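Here is the structure we will look at.
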Amino acid sequence: MRWITTTNHKDIGTLYLWFSFVMFSIGGLMAVGIRLELFSPGLQFLDPDRFNQLTTMHGLIMVFGAIMPVFVGFANWQIPMMIGAPDMAFARLNNWSFWLLPFAASLLVLSFFMPGGAPGVGWTMYAPLTVQMGIGMDLTIFAVHLLGMSSILGSINIITTILNMRAPGMTLMRMPLFVWTWLITAYLLVAAMPVLAGAVTMTLTDRHFGTTFFNAAGGGDPVLYQHIFWFFGHPEVYIIALPGFGVISQVIPAFSRKPLFGYASMVYATSAIAIISFIVWAHHMYTVGMPVTGQLFFMYATMIIAVPTGVKVFNWVATMWKGSLTFETPMLFACGFLFMFTLGGFTGLVLSVVPVDIQMHDTYYVVAHFHYVMVAGALFAAFAGVYFWLPKWTGHMYNETLGKWHFWLTLIFFNMIFFVQHFLGLAGMPRRIPDYPLMFETWNKISSLGAFGMGLAQLLFLYIVVQTIRSGVPAPQKPWEGADSLEWTHLPTPAPYHTFEVQPVIK
Amino acid sequence: MTLQQENRRLSRRLALVALIMFGFAFALVPFYNEICVALGINSIEKANAVANTQVDLSRTVTIEFDSNTHNLPWRFRPLQGYVKVHPGELTTVEYEIVNVREAAVTGQAVPSYGPQRAGEYFQKVECFCFTQQTLAPGETRRMPVVFVVDPKLPKDVNTIALSYTFFEVAGRGGKS
């Protein structure tokens, strides 16, 4: 009962984190199913419909069920402690935003058992296919509504907490960068999520109430759906990435034993990324037949985003420059993030070039690109954050040797899965297809083997976390020498259930 | 103002932003249509104004006709398989539809071209695809397409396939 009715930000943070781990496992199993089918050419385990359903649900569950909630979990645990607030601004609303999620997730999973199965439309839910799907599509639409509602409520809570409840002396420009990135992310969520809700609502009324927003026969336009979806979809990319940037901006200074290089420029770069992210959406749809002027505009706007992102990468590297570096597991994941995310950024830059993109559109090159930013970007940042804060949350140190094993296995298997997909994409293998010509077999085999390995490596992660909670060595108040935010300097380990009931004064 | 009041005020404002953005998604619909009209994209339902009627007798282009229906109980076929025309020449061809369902059905034809880039040189003066067609039960209808191939058609295009697909119009007075 405690977990159902709790309004404590730490409890809710824990709920978010475990929920996203469960979803990560379900989505991961789906990915293993996909890679199992793609292990050999021809159809072995899944019929094409089931394959499409798995790719769709893998995408939706990983984006909305795993990656977004994990960072909301971090926000719940860390933001009040980092700004010296006793709890979130709306504690009961916080409980509600979490408890919407299990219901949304059940709707998504249940859609597999509906007549016609889960929707096989791709996570982007493009019209007109969505208008033709079975009842599983309706469940998915409602799930997206619930997930959107949960994120909007959560974001309103986070913005209010950050703007109104900082400890005296904690000015905006003194906040840890993790708090800054979440403030900006929350604004993005409030502005972008309702647009997605609008898009799926239009799909719903097209399906059942005789409207024709996207139905060409009634005067609608399927391309319109893509515009609305990506108006949400591109800010969504940064909703996923920015909190990860925040975690990395806490971890790298701590293990470099130096303050973050260029703090103010980090804040401005993050804001610039957020603002520009609203004017680049059509680079996902260069091939719909838009005028060349439009393609050029979106191409240049997309390239401009590389500038603030470059500022951030530069600042992280400059923070490490001449620092006294040590490489504990959080720092390893942060370094892995730095390399892999930059690689994903570069392939993104390649794809932003219109003529190149038209060649690579919907190939495995795109799959490789966005997994480098989603997995090696957001997921690695999440792992870095878990290892970084686990001592503070549980009061125990994790097993450093096993943590390092987890990092290296994840890094190697991740690259085994996705690096080779660049080659497949360049050779012309289309995405979302259960079968492929013989010439693609070798790289697909390597990719599938990597996927099985990466799946197993995450069991090690589960073991490490459970072991830390149950039986780890007690951790000191400040296990990381270079960490300097409030939760390390002002609070004992493990963090007590109630913290900062009297707000500290920051000098 | 107490902290609680201040928090509530801020949350109301943010909720308002979310609500406005929900409306914004719907506002994108007319906005998108206006942009398409202004830029002349996506104007398949409009007649083209033919500017150049100089007939280029030195070239002959083959126009092939194709017809499809999408979940529609209609028999739909062109009355000629192909025609040979000179660019700039005004040509009329005919299509025939038969409604085989025992109910009135409304449909909308959507044209497409092969090769795709030939579309912008294929100017339709009159077409049944400009309006929705409603057929009584068992009705047969012959419909003309009047077109001109622009003499500016690239030299390497010698054959254009014109393909129509009829979709049933449901929801807007049509019956599915």
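Starting from 1 in every chain, residues are counted up; chains themselves are A, B, ... following the order of the structure tokens, and ligands are numbered from 1 as listed.
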* To do: For region 29-36 of chain B, please output as a PyMOL selection string all residues within 10 Å (counting only C-alpha atoms; exclusion window: fewer than 3 positions along the same chain).
  => (chain A and resi 213-214+220-221+223-225+227-228+290) or (chain B and resi 24-26+39-43)
Sorted by chain and rising residue number, list the residues of chain A at most 7 Å from chain B (counting only C-alpha atoms), each with its closest atom pair and distance in Å to one decimal, as CSV.
residue,atom,partner,partner_atom,distance
A:Ala89,CA,B:Asn7,CA,6.9
A:Ile156,CA,B:Ser11,CA,5.9
A:Thr160,CA,B:Asn7,CA,6.0
A:Asn164,CA,B:Asn7,CA,6.8
A:Val190,CA,B:Ala18,CA,5.4
A:Ala191,CA,B:Met21,CA,6.0
A:Pro194,CA,B:Phe22,CA,4.5
A:Val195,CA,B:Ala25,CA,4.9
A:Ala197,CA,B:Phe22,CA,6.9
A:Gly198,CA,B:Ala25,CA,5.4
A:Ala199,CA,B:Ala25,CA,6.7
A:Gly210,CA,B:Gly171,CA,4.1
A:Thr211,CA,B:Gly171,CA,6.5
A:Ala217,CA,B:Phe167,CA,5.4
A:Gly218,CA,B:Val169,CA,5.5
A:Ile228,CA,B:Ala25,CA,6.5
* Excluding same-chain residues fewer than 3 positions from Glu139 (chain B), what lies within 6 Å of it counting only C-alpha atoms, as a PyMOL selection string? -> chain B and resi 98-99+135-136
* Considering only C-alpha atoms, return as a list in words whatever protein or nucleic-acid residues lie within 9 Å of Asn94 (chain A), sequence-local ones (same chain, fewer than 3 positions apart) excluded. => Thr7, Asn8, His9, Ile12, Asn76, Met88, Ala89, Phe90, Ala91, Ser97, Phe98, Trp99, Leu153, Gly154 and Asn157 of chain A
Based on the selection just made, write N, CA and C atoms of those residues as a compact mmCIF listing (two decimals), in the first residue's frame.
# COMPACT_ATOMS: atom_id res chain seq x y z
N THR A 7 3.55 9.73 -1.65
CA THR A 7 3.73 11.03 -2.31
C THR A 7 5.16 11.52 -2.14
N ASN A 8 6.01 10.63 -1.63
CA ASN A 8 7.40 11.02 -1.39
C ASN A 8 8.18 10.99 -2.70
N HIS A 9 8.93 12.04 -2.96
CA HIS A 9 9.59 12.12 -4.27
C HIS A 9 10.60 11.00 -4.46
N ILE A 12 8.62 7.81 -5.37
CA ILE A 12 8.11 7.88 -6.74
C ILE A 12 9.25 7.75 -7.74
N ASN A 76 12.88 12.97 -10.24
CA ASN A 76 12.19 12.89 -8.96
C ASN A 76 13.16 12.71 -7.80
N MET A 88 8.70 17.50 -4.22
CA MET A 88 8.19 18.14 -5.43
C MET A 88 7.05 19.08 -5.06
N ALA A 89 6.74 20.01 -5.98
CA ALA A 89 5.74 21.03 -5.67
C ALA A 89 4.36 20.41 -5.47
N PHE A 90 3.99 19.47 -6.32
CA PHE A 90 2.66 18.84 -6.20
C PHE A 90 2.86 17.35 -5.97
N ALA A 91 2.92 16.97 -4.69
CA ALA A 91 3.32 15.61 -4.36
C ALA A 91 2.27 14.60 -4.80
N SER A 97 0.91 11.06 -11.77
CA SER A 97 1.58 10.97 -13.07
C SER A 97 2.32 9.65 -13.18
N PHE A 98 2.83 9.12 -12.06
CA PHE A 98 3.46 7.80 -12.20
C PHE A 98 2.42 6.72 -12.46
N TRP A 99 1.34 6.70 -11.68
CA TRP A 99 0.42 5.56 -11.77
C TRP A 99 -0.40 5.53 -13.05
N LEU A 153 1.85 16.27 -16.95
CA LEU A 153 1.68 16.54 -15.52
C LEU A 153 3.03 16.52 -14.81
N GLY A 154 3.85 15.53 -15.15
CA GLY A 154 5.18 15.45 -14.54
C GLY A 154 5.99 16.70 -14.83
N ASN A 157 4.92 19.75 -12.87
CA ASN A 157 5.44 19.57 -11.53
C ASN A 157 6.92 19.96 -11.44
* To do: Within 12 Å of region 110-116 of chain A, counting only C-alpha atoms, which residues show up once you throw out same-chain ones fewer than 4 positions away? Write them as a ChimeraX atom specification, please.
  => /A:30,49-54,56-57,102-106,120,132-143
Mind writing the picked residues with N, CA, C and O atoms as a compact mmCIF listing (two decimals), in the first residue's frame?
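The resulting file, part_3.txt, is reproduced below:
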# COMPACT_ATOMS: atom_id res chain seq x y z
N MET A 30 11.62 -7.81 -27.18
CA MET A 30 11.09 -7.63 -28.53
C MET A 30 12.23 -7.44 -29.52
O MET A 30 12.21 -7.99 -30.63
N ASP A 49 3.62 -9.85 -40.46
CA ASP A 49 2.75 -9.01 -39.62
C ASP A 49 3.28 -8.91 -38.20
O ASP A 49 3.37 -7.83 -37.63
N ARG A 50 3.62 -10.08 -37.64
CA ARG A 50 4.11 -10.12 -36.27
C ARG A 50 5.41 -9.33 -36.17
O ARG A 50 5.65 -8.62 -35.20
N PHE A 51 6.24 -9.44 -37.20
CA PHE A 51 7.51 -8.71 -37.22
C PHE A 51 7.26 -7.20 -37.14
O PHE A 51 7.87 -6.49 -36.34
N ASN A 52 6.31 -6.73 -37.95
CA ASN A 52 5.99 -5.31 -37.93
C ASN A 52 5.46 -4.88 -36.56
O ASN A 52 5.75 -3.79 -36.08
N GLN A 53 4.66 -5.77 -35.96
CA GLN A 53 4.11 -5.44 -34.64
C GLN A 53 5.24 -5.31 -33.63
O GLN A 53 5.23 -4.41 -32.78
N LEU A 54 6.23 -6.20 -33.74
CA LEU A 54 7.34 -6.15 -32.79
C LEU A 54 8.16 -4.87 -32.97
O LEU A 54 8.54 -4.22 -31.99
N THR A 56 7.16 -2.04 -34.12
CA THR A 56 6.36 -0.91 -33.65
C THR A 56 6.39 -0.81 -32.13
O THR A 56 6.68 0.24 -31.55
N MET A 57 6.09 -1.95 -31.48
CA MET A 57 5.99 -1.92 -30.02
C MET A 57 7.36 -1.75 -29.38
O MET A 57 7.48 -1.11 -28.34
N PRO A 102 1.67 2.51 -15.62
CA PRO A 102 1.43 1.06 -15.75
C PRO A 102 0.19 0.76 -16.57
O PRO A 102 0.16 -0.24 -17.32
N PHE A 103 -0.83 1.62 -16.47
CA PHE A 103 -2.05 1.37 -17.25
C PHE A 103 -1.77 1.56 -18.74
O PHE A 103 -2.20 0.76 -19.58
N ALA A 104 -1.05 2.62 -19.07
CA ALA A 104 -0.70 2.84 -20.48
C ALA A 104 0.12 1.68 -21.01
O ALA A 104 -0.13 1.17 -22.10
N ALA A 105 1.08 1.22 -20.20
CA ALA A 105 1.94 0.11 -20.64
C ALA A 105 1.11 -1.15 -20.84
O ALA A 105 1.31 -1.89 -21.81
N SER A 106 0.13 -1.39 -19.94
CA SER A 106 -0.70 -2.60 -20.12
C SER A 106 -1.50 -2.51 -21.40
O SER A 106 -1.65 -3.50 -22.11
N GLY A 120 0.93 -2.75 -36.57
CA GLY A 120 2.23 -2.93 -37.21
C GLY A 120 2.55 -1.74 -38.09
O GLY A 120 2.82 -1.89 -39.28
N GLN A 132 -6.31 2.05 -41.06
CA GLN A 132 -6.81 0.75 -41.50
C GLN A 132 -6.60 -0.36 -40.48
O GLN A 132 -7.12 -1.45 -40.65
N MET A 133 -5.82 -0.10 -39.41
CA MET A 133 -5.47 -1.17 -38.47
C MET A 133 -6.65 -1.62 -37.63
O MET A 133 -7.66 -0.93 -37.54
N GLY A 134 -6.48 -2.78 -36.96
CA GLY A 134 -7.53 -3.33 -36.10
C GLY A 134 -7.63 -2.61 -34.77
O GLY A 134 -7.07 -1.53 -34.58
N ILE A 135 -8.31 -3.25 -33.84
CA ILE A 135 -8.63 -2.61 -32.57
C ILE A 135 -7.37 -2.36 -31.73
O ILE A 135 -7.35 -1.47 -30.86
N GLY A 136 -6.30 -3.11 -32.01
CA GLY A 136 -5.04 -2.87 -31.30
C GLY A 136 -4.58 -1.43 -31.45
O GLY A 136 -3.98 -0.85 -30.54
N MET A 137 -4.89 -0.82 -32.61
CA MET A 137 -4.50 0.57 -32.85
C MET A 137 -5.20 1.51 -31.87
O MET A 137 -4.58 2.46 -31.38
N ASP A 138 -6.47 1.21 -31.57
CA ASP A 138 -7.19 2.09 -30.64
C ASP A 138 -6.57 2.02 -29.25
O ASP A 138 -6.42 3.03 -28.57
N LEU A 139 -6.18 0.80 -28.85
CA LEU A 139 -5.53 0.67 -27.54
C LEU A 139 -4.24 1.48 -27.52
O LEU A 139 -3.93 2.18 -26.55
N THR A 140 -3.49 1.41 -28.63
CA THR A 140 -2.24 2.15 -28.69
C THR A 140 -2.49 3.66 -28.61
O THR A 140 -1.77 4.38 -27.92
N ILE A 141 -3.53 4.11 -29.30
CA ILE A 141 -3.83 5.55 -29.27
C ILE A 141 -4.15 5.98 -27.84
O ILE A 141 -3.63 7.00 -27.35
N PHE A 142 -4.96 5.18 -27.13
CA PHE A 142 -5.28 5.56 -25.75
C PHE A 142 -4.04 5.50 -24.87
O PHE A 142 -3.85 6.34 -23.98
N ALA A 143 -3.18 4.51 -25.14
CA ALA A 143 -1.95 4.43 -24.37
C ALA A 143 -1.12 5.69 -24.57
O ALA A 143 -0.59 6.26 -23.61
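Considering the residues A:Phe39, A:His361, A:Phe414, A:Thr270 and counting only C-alpha atoms, Thr442 (chain A) has its shortest atom-to-atom contact with A:Phe39.
CA of Tyr436 (chain A) is found 13.9 Å from CA of Leu46 (chain A).
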* Among listed residues A:Leu15, A:Val350, A:Ala381, A:Leu189, nearest Trp77 (chain A) (using only C-alpha atoms) -> A:Leu15
* May I have all residues of region 17-115 of chain B that DSSP, computed from the backbone, assigns to strand (DSSP E), given as a VMD selection string? => chain B and resid 61 to 70 74 to 78 82 to 85 91 to 99 105 to 114
Any chance you can output those residues with N, CA and C atoms as a compact mmCIF listing (two decimals), in the first residue's frame?
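selection.txt, freshly written:
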# COMPACT_ATOMS: atom_id res chain seq x y z
N VAL B 61 4.80 11.17 -78.01
CA VAL B 61 4.89 10.61 -76.67
C VAL B 61 3.75 9.61 -76.51
N THR B 62 4.05 8.45 -75.95
CA THR B 62 3.02 7.45 -75.70
C THR B 62 2.45 7.66 -74.30
N ILE B 63 1.12 7.77 -74.23
CA ILE B 63 0.49 7.88 -72.91
C ILE B 63 -0.24 6.57 -72.65
N GLU B 64 0.12 5.89 -71.56
CA GLU B 64 -0.54 4.63 -71.21
C GLU B 64 -1.51 4.89 -70.07
N PHE B 65 -2.64 4.16 -70.10
CA PHE B 65 -3.67 4.42 -69.09
C PHE B 65 -3.85 3.22 -68.19
N ASP B 66 -4.08 3.50 -66.94
CA ASP B 66 -4.21 2.43 -65.95
C ASP B 66 -5.31 2.83 -64.97
N SER B 67 -5.97 1.85 -64.37
CA SER B 67 -7.04 2.18 -63.43
C SER B 67 -7.05 1.18 -62.29
N ASN B 68 -7.32 1.67 -61.08
CA ASN B 68 -7.40 0.81 -59.90
C ASN B 68 -8.54 1.29 -59.03
N THR B 69 -9.05 0.38 -58.21
CA THR B 69 -9.98 0.82 -57.16
C THR B 69 -9.45 0.33 -55.84
N HIS B 70 -9.74 1.08 -54.78
CA HIS B 70 -9.27 0.71 -53.45
C HIS B 70 -10.49 0.40 -52.59
N TRP B 74 -16.58 -1.02 -57.52
CA TRP B 74 -16.76 -0.44 -58.85
C TRP B 74 -15.88 -1.17 -59.85
N ARG B 75 -16.39 -1.34 -61.11
CA ARG B 75 -15.51 -1.74 -62.20
C ARG B 75 -15.06 -0.47 -62.88
N PHE B 76 -13.77 -0.30 -63.00
CA PHE B 76 -13.22 0.97 -63.44
C PHE B 76 -12.15 0.65 -64.48
N ARG B 77 -12.36 1.16 -65.74
CA ARG B 77 -11.34 0.85 -66.76
C ARG B 77 -11.23 1.99 -67.75
N PRO B 78 -10.06 2.15 -68.34
CA PRO B 78 -9.92 3.13 -69.43
C PRO B 78 -10.45 2.51 -70.70
N TYR B 82 -3.72 2.85 -74.70
CA TYR B 82 -2.72 3.91 -74.79
C TYR B 82 -3.07 4.82 -75.95
N VAL B 83 -2.52 6.02 -75.99
CA VAL B 83 -2.62 6.88 -77.16
C VAL B 83 -1.24 7.47 -77.44
N LYS B 84 -1.01 7.81 -78.71
CA LYS B 84 0.24 8.49 -79.06
C LYS B 84 -0.10 9.94 -79.37
N VAL B 85 0.58 10.88 -78.70
CA VAL B 85 0.25 12.29 -78.89
C VAL B 85 1.53 13.07 -79.17
N THR B 91 -5.88 16.56 -76.16
CA THR B 91 -6.33 15.18 -76.39
C THR B 91 -7.44 14.84 -75.41
N THR B 92 -8.41 14.06 -75.87
CA THR B 92 -9.49 13.61 -75.00
C THR B 92 -9.49 12.09 -74.95
N VAL B 93 -9.55 11.52 -73.76
CA VAL B 93 -9.71 10.07 -73.62
C VAL B 93 -10.87 9.82 -72.66
N GLU B 94 -11.31 8.58 -72.59
CA GLU B 94 -12.46 8.28 -71.74
C GLU B 94 -12.19 7.11 -70.81
N TYR B 95 -12.75 7.20 -69.62
CA TYR B 95 -12.74 6.10 -68.66
C TYR B 95 -14.18 5.70 -68.40
N GLU B 96 -14.37 4.48 -67.93
CA GLU B 96 -15.72 4.02 -67.62
C GLU B 96 -15.75 3.43 -66.22
N ILE B 97 -16.77 3.81 -65.44
CA ILE B 97 -16.97 3.16 -64.15
C ILE B 97 -18.36 2.54 -64.10
N VAL B 98 -18.45 1.39 -63.45
CA VAL B 98 -19.73 0.72 -63.23
C VAL B 98 -19.84 0.46 -61.74
N ASN B 99 -20.93 0.90 -61.15
CA ASN B 99 -21.18 0.62 -59.73
C ASN B 99 -21.90 -0.71 -59.62
N VAL B 105 -22.87 4.93 -54.19
CA VAL B 105 -21.53 5.00 -53.61
C VAL B 105 -20.85 6.26 -54.15
N THR B 106 -20.14 6.95 -53.27
CA THR B 106 -19.38 8.12 -53.69
C THR B 106 -17.90 7.79 -53.68
N GLY B 107 -17.20 8.18 -54.74
CA GLY B 107 -15.78 7.89 -54.80
C GLY B 107 -14.99 9.10 -55.27
N GLN B 108 -13.71 9.06 -54.98
CA GLN B 108 -12.81 10.13 -55.41
C GLN B 108 -11.62 9.47 -56.08
N ALA B 109 -11.30 9.92 -57.30
CA ALA B 109 -10.13 9.36 -57.98
C ALA B 109 -8.90 10.20 -57.67
N VAL B 110 -7.77 9.52 -57.46
CA VAL B 110 -6.50 10.21 -57.23
C VAL B 110 -5.55 9.77 -58.33
N PRO B 111 -5.00 10.73 -59.12
CA PRO B 111 -4.10 10.35 -60.20
C PRO B 111 -2.67 10.18 -59.73
N SER B 112 -1.90 9.35 -60.43
CA SER B 112 -0.46 9.34 -60.22
C SER B 112 0.20 9.06 -61.57
N TYR B 113 1.48 9.38 -61.64
CA TYR B 113 2.16 9.33 -62.93
C TYR B 113 3.42 8.49 -62.84
N GLY B 114 3.74 7.83 -63.95
CA GLY B 114 5.02 7.16 -64.04
C GLY B 114 5.68 7.57 -65.33
